[in-house]
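A.B. asks: Sharing final03.txt here; it has compact mmCIF, C-alpha atoms.
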```txt
# COMPACT_ATOMS: atom_id res chain seq x y z
CA MET Q 21 17.02 29.73 2.90
CA SER Q 22 14.10 32.09 3.33
CA VAL Q 23 11.78 32.04 6.31
CA GLN Q 24 8.99 30.79 4.06
CA GLU Q 25 11.12 27.90 2.77
CA ARG Q 26 12.12 26.97 6.31
CA LYS Q 27 8.47 26.95 7.43
CA GLN Q 28 7.49 24.80 4.46
CA ARG Q 29 10.29 22.35 5.23
CA GLU Q 30 9.29 22.19 8.91
CA ARG Q 31 5.65 21.62 7.94
CA ALA Q 32 6.63 18.79 5.58
CA ASP Q 33 8.81 17.27 8.32
CA ARG Q 34 5.92 17.39 10.81
CA GLU Q 35 3.60 15.80 8.27
CA ARG Q 36 6.07 12.96 7.64
CA LEU Q 37 6.41 12.49 11.40
CA ILE Q 38 2.63 12.24 11.83
CA VAL Q 39 2.34 9.67 9.04
CA ALA Q 40 5.32 7.63 10.25
CA THR Q 41 4.03 7.64 13.82
CA ALA Q 42 0.52 6.62 12.74
CA ARG Q 43 1.96 3.84 10.64
CA GLU Q 44 4.18 2.60 13.47
CA LEU Q 45 1.33 2.67 15.99
CA ALA Q 46 -1.02 0.88 13.57
CA GLU Q 47 1.55 -1.82 12.83
CA GLN Q 48 2.17 -2.35 16.56
CA GLN Q 49 -1.37 -2.12 17.93
CA GLY Q 50 -3.78 -1.91 15.00
CA TRP Q 51 -5.66 0.99 13.49
CA ASP Q 52 -8.09 1.22 16.42
CA ALA Q 53 -5.15 2.39 18.54
CA VAL Q 54 -4.47 5.30 16.18
CA THR Q 55 -6.27 8.34 17.52
CA THR Q 56 -5.43 12.00 17.09
CA ARG Q 57 -4.93 12.28 20.83
CA ARG Q 58 -2.43 9.41 20.90
CA LEU Q 59 -0.63 10.72 17.85
CA ALA Q 60 -0.38 14.20 19.35
CA GLU Q 61 1.08 12.72 22.54
CA ARG Q 62 3.59 10.56 20.65
CA ILE Q 63 4.84 13.31 18.35
CA GLN Q 64 4.75 15.86 21.18
CA TYR Q 65 2.60 18.39 19.36
CA SER Q 66 -0.86 19.58 20.26
CA GLN Q 67 -3.95 18.15 18.58
CA PRO Q 68 -4.59 21.49 16.81
CA VAL Q 69 -1.16 21.18 15.17
CA LEU Q 70 -2.06 17.69 14.02
CA TYR Q 71 -5.39 18.97 12.68
CA SER Q 72 -3.57 21.71 10.78
CA HIS Q 73 -2.05 18.90 8.68
CA PHE Q 74 -4.89 16.36 8.55
CA ARG Q 75 -8.61 16.82 9.15
CA GLY Q 76 -8.70 13.53 11.01
CA LYS Q 77 -7.85 9.87 11.09
CA ARG Q 78 -9.36 9.22 7.65
CA GLU Q 79 -6.87 11.58 5.99
CA ILE Q 80 -4.02 10.05 7.96
CA ILE Q 81 -5.05 6.58 6.76
CA GLY Q 82 -5.09 7.99 3.22
CA ALA Q 83 -1.58 9.38 3.63
CA VAL Q 84 -0.33 6.01 4.90
CA ALA Q 85 -2.05 4.31 1.97
CA LEU Q 86 -0.34 6.59 -0.55
CA GLU Q 87 3.03 5.99 1.06
CA GLY Q 88 2.40 2.24 1.03
CA ALA Q 89 1.33 2.28 -2.60
CA ALA Q 90 4.58 3.99 -3.57
CA GLU Q 91 6.59 1.43 -1.58
CA MET Q 92 4.70 -1.50 -3.07
CA ALA Q 93 5.13 -0.16 -6.61
CA SER Q 94 8.86 0.19 -6.04
CA ALA Q 95 9.15 -3.32 -4.60
CA VAL Q 96 7.13 -4.89 -7.43
CA ARG Q 97 9.18 -3.09 -10.08
CA ALA Q 98 12.46 -4.11 -8.46
CA ALA Q 99 11.38 -7.76 -8.25
CA ALA Q 100 10.12 -7.81 -11.82
CA SER Q 101 13.21 -6.12 -13.23
CA ALA Q 102 15.48 -8.64 -11.51
CA ALA Q 103 13.59 -11.56 -13.07
CA ASP Q 104 14.34 -13.01 -16.47
CA GLY Q 105 11.39 -13.79 -18.72
CA PRO Q 106 7.63 -13.25 -18.41
CA ARG Q 107 6.91 -16.25 -16.16
CA THR Q 108 9.61 -15.44 -13.64
CA ARG Q 109 8.59 -11.75 -13.71
CA VAL Q 110 4.97 -12.57 -12.90
CA THR Q 111 5.98 -15.06 -10.22
CA ALA Q 112 8.35 -12.51 -8.66
CA LEU Q 113 5.63 -9.85 -8.81
CA ALA Q 114 3.12 -12.15 -7.07
CA ARG Q 115 5.53 -13.19 -4.34
CA THR Q 116 6.64 -9.61 -3.74
CA TYR Q 117 3.04 -8.42 -3.50
CA LEU Q 118 2.15 -11.13 -0.98
CA GLU Q 119 5.34 -10.51 1.03
CA PHE Q 120 4.57 -6.78 1.13
CA ALA Q 121 1.07 -7.50 2.46
CA GLU Q 122 2.44 -9.89 5.08
CA ARG Q 123 5.24 -7.57 6.27
CA ASN Q 124 3.05 -4.45 6.36
CA PRO Q 125 -0.44 -5.51 7.48
CA ALA Q 126 -1.55 -2.09 8.76
CA VAL Q 127 -0.29 -0.35 5.64
CA TYR Q 128 -1.99 -2.97 3.48
CA ASP Q 129 -5.22 -2.37 5.41
CA ALA Q 130 -4.86 1.38 4.85
CA MET Q 131 -4.39 0.75 1.14
CA PHE Q 132 -7.23 -1.70 0.56
CA GLN Q 133 -9.46 -2.28 3.59
CA LEU Q 134 -9.96 1.05 5.36
CA ASP Q 135 -11.55 4.29 4.22
CA GLY Q 136 -8.74 6.71 3.58
CA GLY Q 137 -10.89 8.97 1.43
CA LEU Q 138 -9.02 7.98 -1.74
CA ALA Q 139 -10.64 7.41 -5.11
CA PHE Q 140 -9.71 4.23 -6.95
CA ALA Q 141 -10.19 3.75 -10.70
CA HIS Q 142 -11.28 7.34 -11.30
CA GLU Q 143 -9.80 10.36 -13.01
CA ASP Q 144 -8.98 11.87 -9.62
CA THR Q 145 -7.21 8.76 -8.31
CA PRO Q 146 -3.99 9.95 -6.63
CA GLU Q 147 -0.82 9.33 -8.60
CA PRO Q 148 0.76 6.82 -6.15
CA LEU Q 149 -2.28 4.55 -6.53
CA LYS Q 150 -2.20 4.84 -10.32
CA ASP Q 151 1.52 4.11 -10.25
CA ALA Q 152 1.05 1.00 -8.10
CA PHE Q 153 -1.46 -0.33 -10.61
CA ALA Q 154 0.91 0.59 -13.45
CA ALA Q 155 3.67 -1.41 -11.74
CA LEU Q 156 1.41 -4.47 -11.78
CA LEU Q 157 0.24 -3.80 -15.34
CA ALA Q 158 3.81 -3.53 -16.66
CA SER Q 159 4.47 -7.21 -15.97
CA LEU Q 160 0.97 -8.64 -16.11
CA GLY Q 161 -0.03 -6.97 -19.36
CA GLU Q 162 2.50 -9.04 -21.27
CA VAL Q 163 0.94 -12.32 -20.09
CA ALA Q 164 -2.74 -11.44 -20.49
CA GLY Q 165 -3.12 -13.47 -23.67
CA ASP Q 166 -4.52 -12.71 -27.09
CA GLY Q 167 -7.77 -10.79 -27.09
CA VAL Q 168 -7.63 -10.14 -23.34
CA HIS Q 169 -7.55 -6.51 -22.26
CA PRO Q 170 -4.31 -6.07 -20.25
CA GLY Q 171 -5.95 -3.77 -17.71
CA LEU Q 172 -8.80 -6.19 -17.03
CA PHE Q 173 -6.38 -9.08 -16.73
CA THR Q 174 -4.32 -7.07 -14.25
CA GLU Q 175 -7.44 -6.35 -12.19
CA VAL Q 176 -8.35 -10.05 -12.06
CA PHE Q 177 -4.79 -11.12 -11.16
CA TRP Q 178 -4.59 -8.37 -8.54
CA ALA Q 179 -7.94 -9.48 -7.09
CA ALA Q 180 -6.58 -13.02 -6.80
CA LEU Q 181 -3.45 -11.76 -5.03
CA HIS Q 182 -5.54 -9.62 -2.71
CA GLY Q 183 -7.71 -12.61 -1.89
CA LEU Q 184 -4.67 -14.76 -1.15
CA ALA Q 185 -3.15 -12.04 1.05
CA THR Q 186 -6.37 -11.41 2.95
CA LEU Q 187 -7.36 -15.05 3.43
CA THR Q 188 -3.86 -16.08 4.50
CA ARG Q 189 -3.65 -13.26 7.00
CA ALA Q 190 -7.06 -14.15 8.41
CA GLY Q 191 -5.88 -17.74 8.97
CA ARG Q 192 -8.28 -19.12 6.33
CA LEU Q 193 -5.42 -20.39 4.17
CA PRO Q 194 -2.28 -22.05 5.56
CA PRO Q 195 0.73 -19.82 4.87
CA GLU Q 196 3.05 -22.74 4.09
CA GLU Q 197 1.15 -23.31 0.82
CA THR Q 198 1.61 -19.74 -0.48
CA GLY Q 199 4.35 -20.72 -2.91
CA ARG Q 200 2.22 -23.44 -4.45
CA ARG Q 201 -0.73 -21.06 -4.72
CA VAL Q 202 1.42 -18.53 -6.56
CA GLU Q 203 2.62 -21.22 -8.99
CA LEU Q 204 -0.95 -22.34 -9.62
CA LEU Q 205 -2.10 -18.76 -10.17
CA VAL Q 206 0.69 -18.12 -12.65
CA ASP Q 207 0.16 -21.48 -14.40
CA ARG Q 208 -3.59 -21.05 -14.82
CA LEU Q 209 -3.95 -17.34 -15.48
CA ALA Q 210 -0.81 -16.11 -17.18
CA VAL Q 211 -0.11 -16.90 -20.82
CA VAL Q 212 3.65 -17.39 -20.83
```
For the structure just supplied, provide its representation as structure tokens.

C.D. replies:
Amino acid sequence: MSVQERKQRERADRERLIVATARELAEQQGWDAVTTRRLAERIQYSQPVLYSHFRGKREIIGAVALEGAAEMASAVRAAASAADGPRTRVTALARTYLEFAERNPAVYDAMFQLDGGLAFAHEDTPEPLKDAFAALLASLGEVAGDGVHPGLFTEVFWAALHGLATLTRAGRLPPEETGRRVELLVDRLAVV
């Protein structure tokens, strides 16, 4: 391995450490607790080293969001592929999405609530975000119904899931009714 390759590997390792530490701190104490000073202390590097990877907290939030999008896409695909038939696929997708949001609240916030400097629904949208939408579209497109644009249907279904996740987490909806809400969403929106 050349010196250049070793330096690139070390840089990538440091970057992963910064993102993992930010994510861990945010999940434990919330995003307000994530500061460059705290991160530098936790990873035992100086703040200038941290800034050589990320210009600030906004970029770190963006990196966590991209990582979360990739994880969510993988989880949704796995749940959908294990289900048999369109209805069970959509139900599995919805449950998996809501479970992901519940298990990873800080990551979910980075993906959808906080400014991570990422473009959504644009040509320059990062690939992990496009792939997360594609994971939803793969199952939801087949139940959109005749004459309904699959992408628009996916956006509406996703918006409903996001609303359920956000309202449940905020204590506005009782969590014990989540299963019934998913069934109602699938029954009323999906053409299966």

A.B. asks: Looking at all atoms listed in the file, which of Q:Thr56, Q:Thr198, Q:Ser72, Q:Gln133 is the one that sits closest to Q:Arg31?

C.D. replies: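 The closest residue to Q:Arg31 is Q:Ser72.
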
A.B. asks: Mind checking which residues fall within 8 Å of Q:Ala99, counting all atoms listed in the file, ignoring those fewer than 6 positions away in the same chain, and posting them as a list in words?

C.D. replies: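 Once the adjacent positions are removed, what remains is Arg109, Ala112, Leu113 and Thr116 of chain Q.
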
A.B. asks: How many Å lie between atom CA of Q:Phe132 and atom CA of Q:Ile38, rounded to one decimal?

C.D. replies: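 Atom CA of Q:Ile38 lies at a distance of 20.5 Å from atom CA of Q:Phe132.
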
A.B. asks: List the neighbours of stretch 151-167 of chain Q out to 9 Å using only C-alpha atoms; skip same-chain residues closer than 6 positions along the sequence, and give me the result as an NGL selection string.

C.D. replies: :Q and (89-94 or 96-97 or 100 or 106-107 or 109-110 or 113 or 173-175 or 177-178 or 209-212)

A.B. asks: Nearest residue to Q:Ala83 out of Q:Gln67, Q:Asn124, Q:Thr41, Q:Gln49, using all atoms listed in the file?

C.D. replies: Q:Thr41

A.B. asks: Please measure the separation of atom CA of Q:Glu44 and atom CA of Q:Lys27, giving the value in Å to one decimal.

C.D. replies: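 If I compute the distance from atom CA of Q:Glu44 to atom CA of Q:Lys27, I get 25.5 Å.
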
A.B. asks: Kindly indicate which residue among Q:Glu79, Q:Glu35, Q:Glu196, Q:Glu87 lies nearest to Q:Ala60, using all atoms listed in the file for the distances.

C.D. replies: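 Nearest to Q:Ala60: Q:Glu35.
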